[in-house]
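Each remark here refers to the structure printed beneath this line.
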Amino acid sequence: MDDGRRWDARHRDAPPAVPRAPDGLTGLEDALPDGGRALDVACGLGAVTLWAAQRGFTVDALDASPVAVARLADQAVALGLAGPVRGRVADLTGGLPADVTGPYDLVVCQRFRDPAVLRSLAGLLAPGGLLVVTVLSEMGAPAPSRFAAGAGELSALARTSGHRVLRDVEGDGRATIVLRRTGPGPGSRRRVPREHDADERHGRDSA
Ligand SMILES: C[S@@+](CC[C@H](N)C(=O)[O-])C[C@H]1O[C@@H](n2cnc3c(N)ncnc32)[C@H](O)[C@@H]1O
């Protein structure tokens, strides 16, 4: 059975999503861009998608579970957010769909870990765009999990030129990074000044 079908049963029985900011953004709310395009990676029932849509973003919401995407669409209608919410069934094993290229003003990936997907996210940001990632981590986890990121795995993603690290924390079984794109991005050949790169490192926050 594929990932989506495996998750369908859980999504079918869960209560509808209530709009909710990504966990990693707590205390950094001022860093949120004023709307634009957003991507919610492995959106589930869409709590983050609905929250972003309420804040003026048009949201591409991807998940492997057809039940999750259908229930997100229903909830978007119920909340008057059908226009800005664009749900799509997509198995993200090994990478994002080829036509998901950005640029995005906000990219969120919460509680889903695929190394190829994670590596691609910073490159989707528009200048000034924000990336918020929270995944399970083996650091401080009560028990090993095959879904958990290895120590330093997310921090390595934060070492992307042209991005400022606003948060890079790991412990208690979770890892979070929050990056803002300041420069032209990893695909560009333009030089990015070093002072815009990570001046807040592992375990420290900064708005
Ligand atoms: C723990 S939930 C997180 C949902 C949401 N991001 C949140 O924070 O509430 C993990 C999500 O990943 C989705 N998922 C699992 N495997 C996937 C895959 N290979 N491709 C895309 N989505 C997948 C599941 O359907 C589920 O919605």
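Ordered as shown in the structure tokens, chains take letters A, B, and onward, while each chain numbers its residues from 1 and ligands are numbered from 1 in the order shown.
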
Contact residues around Leu106 in chain A with only C-alpha atoms at 10 Å, ignoring same-chain residues under 4 positions, as a tab-separated table (two decimals) with N, CA and C atoms, in the first residue's frame:
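As a result, selection04.tsv now contains:
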```tsv
chain	number	residue	atom	x	y	z
A	32	LEU	N	6.76	36.97	9.08
A	32	LEU	CA	5.87	36.46	8.04
A	32	LEU	C	5.66	37.50	6.95
A	33	PRO	N	5.89	37.14	5.67
A	33	PRO	CA	5.61	38.09	4.59
A	33	PRO	C	4.12	38.45	4.55
A	34	ASP	N	3.83	39.57	3.89
A	34	ASP	CA	2.44	40.04	3.79
A	34	ASP	C	1.74	39.36	2.63
A	35	GLY	N	1.47	38.09	2.77
A	35	GLY	CA	0.74	37.37	1.72
A	35	GLY	C	1.62	37.05	0.52
A	36	GLY	N	0.98	36.53	-0.52
A	36	GLY	CA	1.69	36.08	-1.71
A	36	GLY	C	1.38	34.62	-1.96
A	37	ARG	N	2.37	33.89	-2.44
A	37	ARG	CA	2.18	32.46	-2.73
A	37	ARG	C	2.80	31.63	-1.61
A	38	ALA	N	2.10	30.59	-1.21
A	38	ALA	CA	2.61	29.69	-0.16
A	38	ALA	C	2.55	28.26	-0.65
A	39	LEU	N	3.44	27.44	-0.07
A	39	LEU	CA	3.46	26.00	-0.32
A	39	LEU	C	3.41	25.30	1.03
A	40	ASP	N	2.44	24.39	1.19
A	40	ASP	CA	2.37	23.57	2.40
A	40	ASP	C	2.67	22.13	1.99
A	52	ALA	N	-2.65	30.02	6.59
A	52	ALA	CA	-1.97	30.88	5.61
A	52	ALA	C	-2.99	31.54	4.69
A	57	PHE	N	-2.46	34.46	1.81
A	57	PHE	CA	-1.65	33.67	0.88
A	57	PHE	C	-2.56	32.81	0.00
A	58	THR	N	-2.13	32.63	-1.23
A	58	THR	CA	-2.69	31.59	-2.09
A	58	THR	C	-1.81	30.37	-1.86
A	59	VAL	N	-2.43	29.24	-1.48
A	59	VAL	CA	-1.63	28.13	-0.97
A	59	VAL	C	-1.72	26.89	-1.86
A	102	GLY	N	7.87	27.23	-7.55
A	102	GLY	CA	7.89	28.53	-6.92
A	102	GLY	C	7.95	29.64	-7.98
A	124	LEU	N	13.06	27.24	-3.46
A	124	LEU	CA	11.75	27.65	-3.98
A	124	LEU	C	11.35	29.05	-3.54
A	125	LEU	N	12.15	29.63	-2.63
A	125	LEU	CA	11.72	30.90	-2.03
A	125	LEU	C	11.94	32.08	-2.96
A	126	ALA	N	10.97	32.98	-2.95
A	126	ALA	CA	11.13	34.29	-3.58
A	126	ALA	C	12.02	35.14	-2.67
A	128	GLY	N	12.99	37.50	0.04
A	128	GLY	CA	12.17	37.89	1.20
A	128	GLY	C	11.27	36.78	1.71
A	129	GLY	N	11.24	35.67	0.98
A	129	GLY	CA	10.36	34.56	1.36
A	129	GLY	C	10.88	33.81	2.58
A	130	LEU	N	9.95	33.12	3.24
A	130	LEU	CA	10.24	32.45	4.51
A	130	LEU	C	10.02	30.95	4.38
A	131	LEU	N	10.99	30.19	4.90
A	131	LEU	CA	10.87	28.73	4.96
A	131	LEU	C	10.77	28.30	6.42
A	132	VAL	N	9.77	27.50	6.74
A	132	VAL	CA	9.56	27.02	8.12
A	132	VAL	C	9.46	25.50	8.06
A	180	ARG	N	15.03	32.92	5.98
A	180	ARG	CA	14.50	33.93	5.08
A	180	ARG	C	15.46	34.08	3.90
```

Test item: residues no farther than 7 Å from ligand 1, counting only C-alpha atoms and all ligand atoms, as a short mmCIF file (atom, residue, chain, number, x, y, z; two decimals) with C-alpha atoms, in the first residue's frame:
```cif
data_model
loop_
_atom_site.label_atom_id
_atom_site.label_comp_id
_atom_site.auth_asym_id
_atom_site.auth_seq_id
_atom_site.Cartn_x
_atom_site.Cartn_y
_atom_site.Cartn_z
CA ASP A 3 1.85 6.26 1.79
CA GLY A 4 -1.31 8.11 0.83
CA TRP A 7 -2.66 7.77 5.83
CA ASP A 8 -6.20 7.89 4.47
CA VAL A 41 4.32 20.34 1.98
CA ALA A 42 2.49 17.21 3.20
CA CYS A 43 -0.34 19.42 4.39
CA GLY A 44 -2.46 16.71 6.00
CA LEU A 45 -5.92 18.07 6.82
CA GLY A 46 -4.52 21.53 6.22
CA ALA A 47 -4.38 23.44 9.50
CA LEU A 62 0.33 18.89 -1.33
CA ASP A 63 -0.29 15.54 0.32
CA ALA A 64 -0.23 11.89 -0.73
CA SER A 65 -3.54 11.19 0.94
CA ALA A 68 -6.69 14.59 3.40
CA ALA A 90 1.03 14.12 -4.73
CA ASP A 91 3.35 11.41 -3.46
CA LEU A 92 6.44 13.35 -2.41
CA THR A 93 8.73 10.37 -1.95
CA CYS A 109 7.00 21.57 5.83
CA GLN A 110 5.83 20.26 9.16
CA ARG A 111 6.11 16.68 10.43
CA PHE A 112 7.06 15.22 7.05
#
```

Original post:
Can you list, as a VMD selection string, every residue of range 52-184 of chain A that DSSP puts in helix (DSSP H, G or I)?
Top reply: chain A and resid 52 to 54 66 to 78 115 to 124 153 to 158

Written file, previous selection with N, CA and C atoms, as a short mmCIF file (atom, residue, chain, number, x, y, z; two decimals), in the first residue's frame:
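Here's the written file out_18.cif:
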```cif
data_model
loop_
_atom_site.label_atom_id
_atom_site.label_comp_id
_atom_site.auth_asym_id
_atom_site.auth_seq_id
_atom_site.Cartn_x
_atom_site.Cartn_y
_atom_site.Cartn_z
N ALA A 52 -2.65 30.02 6.59
CA ALA A 52 -1.97 30.88 5.61
C ALA A 52 -2.99 31.54 4.69
N ALA A 53 -4.00 30.80 4.29
CA ALA A 53 -5.03 31.38 3.41
C ALA A 53 -5.75 32.52 4.12
N GLN A 54 -5.98 32.38 5.42
CA GLN A 54 -6.62 33.46 6.17
C GLN A 54 -5.73 34.70 6.23
N PRO A 66 -5.42 11.15 -0.63
CA PRO A 66 -6.60 11.74 -1.28
C PRO A 66 -7.65 12.16 -0.26
N VAL A 67 -7.78 11.41 0.83
CA VAL A 67 -8.76 11.78 1.86
C VAL A 67 -8.39 13.13 2.47
N ALA A 68 -7.12 13.32 2.80
CA ALA A 68 -6.69 14.59 3.40
C ALA A 68 -6.98 15.76 2.46
N VAL A 69 -6.64 15.59 1.19
CA VAL A 69 -6.81 16.70 0.25
C VAL A 69 -8.30 17.00 0.05
N ALA A 70 -9.12 15.97 0.00
CA ALA A 70 -10.57 16.19 -0.16
C ALA A 70 -11.15 16.86 1.08
N ARG A 71 -10.71 16.43 2.25
CA ARG A 71 -11.25 17.03 3.47
C ARG A 71 -10.75 18.47 3.66
N LEU A 72 -9.54 18.74 3.22
CA LEU A 72 -9.06 20.12 3.24
C LEU A 72 -9.93 21.00 2.34
N ALA A 73 -10.27 20.49 1.16
CA ALA A 73 -11.11 21.27 0.24
C ALA A 73 -12.46 21.57 0.89
N ASP A 74 -13.04 20.57 1.56
CA ASP A 74 -14.34 20.78 2.23
C ASP A 74 -14.22 21.85 3.31
N GLN A 75 -13.16 21.77 4.08
CA GLN A 75 -12.99 22.72 5.18
C GLN A 75 -12.71 24.13 4.64
N ALA A 76 -11.99 24.21 3.54
CA ALA A 76 -11.74 25.52 2.92
C ALA A 76 -13.06 26.14 2.49
N VAL A 77 -13.95 25.35 1.92
CA VAL A 77 -15.26 25.86 1.54
C VAL A 77 -16.01 26.34 2.79
N ALA A 78 -15.99 25.51 3.83
CA ALA A 78 -16.72 25.85 5.06
C ALA A 78 -16.22 27.15 5.68
N PRO A 115 14.38 13.49 2.59
CA PRO A 115 15.60 14.29 2.42
C PRO A 115 15.66 15.06 1.11
N ALA A 116 15.22 14.47 0.01
CA ALA A 116 15.28 15.18 -1.28
C ALA A 116 14.31 16.37 -1.27
N VAL A 117 13.13 16.17 -0.70
CA VAL A 117 12.18 17.28 -0.61
C VAL A 117 12.77 18.40 0.24
N LEU A 118 13.29 18.04 1.40
CA LEU A 118 13.82 19.07 2.30
C LEU A 118 14.94 19.86 1.64
N ARG A 119 15.79 19.16 0.92
CA ARG A 119 16.91 19.85 0.26
C ARG A 119 16.44 20.86 -0.78
N SER A 120 15.26 20.63 -1.35
CA SER A 120 14.80 21.49 -2.44
C SER A 120 14.06 22.75 -1.97
N LEU A 121 13.67 22.78 -0.70
CA LEU A 121 12.70 23.81 -0.29
C LEU A 121 13.27 25.24 -0.31
N ALA A 122 14.49 25.43 0.18
CA ALA A 122 15.04 26.79 0.23
C ALA A 122 15.13 27.40 -1.17
N GLY A 123 15.36 26.55 -2.15
CA GLY A 123 15.49 27.04 -3.53
C GLY A 123 14.18 27.49 -4.15
N LEU A 124 13.06 27.24 -3.46
CA LEU A 124 11.75 27.65 -3.98
C LEU A 124 11.35 29.05 -3.54
N GLU A 153 20.89 17.32 10.69
CA GLU A 153 20.38 17.22 9.31
C GLU A 153 19.71 18.51 8.83
N LEU A 154 18.86 19.09 9.68
CA LEU A 154 18.21 20.34 9.27
C LEU A 154 19.20 21.50 9.28
N SER A 155 20.12 21.49 10.23
CA SER A 155 21.12 22.57 10.27
C SER A 155 21.90 22.62 8.97
N ALA A 156 22.16 21.46 8.39
CA ALA A 156 22.89 21.43 7.12
C ALA A 156 22.10 22.16 6.04
N LEU A 157 20.78 22.04 6.09
CA LEU A 157 19.95 22.74 5.10
C LEU A 157 20.02 24.24 5.29
N ALA A 158 20.25 24.65 6.54
CA ALA A 158 20.30 26.08 6.83
C ALA A 158 21.55 26.73 6.23
#
```

Subject >> Coordinates-based distance that separates CA of Ile177 in chain A from CA of His163 in chain A (Å, one decimal) >> reply: 11.5 Å

**OP:** Tell me which of A:Arg159, A:Arg113, A:Arg174, A:Arg181 sits closest to Ala31 in chain A, counting only C-alpha atoms.
**Re:**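 Checking each of A:Arg159, A:Arg113, A:Arg174, A:Arg181 against Ala31 in chain A, counting only C-alpha atoms, the winner is A:Arg181.
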
Subject >> Selected residue, from A:Ala17, A:Ala98, A:Val165, A:Ala175, that lies nearest to Leu136 in chain A when counting only C-alpha atoms >> reply: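 Once distances to Leu136 in chain A are computed over only C-alpha atoms, the minimum belongs to A:Ala175.
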
Subject >> Two-atom distance - CA of Gly95 in chain A, CA of Ala141 in chain A (Å) >> reply: 25.9 Å

**OP:** List every residue of range 40-135 of chain A that DSSP, applied to the backbone, labels as strand (DSSP E), and write the result as a ChimeraX atom specification.
**Re:** /A:40-41,57-63,85-89,104-110,125-135

Original post:
Nearest to Ala149 in chain A among A:Ala14, A:Glu170, A:Arg20, A:Arg86, with distances taken over only C-alpha atoms: which residue is it?
Top reply: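 When distances to Ala149 in chain A are compared using only C-alpha atoms, the smallest one comes from A:Glu170.
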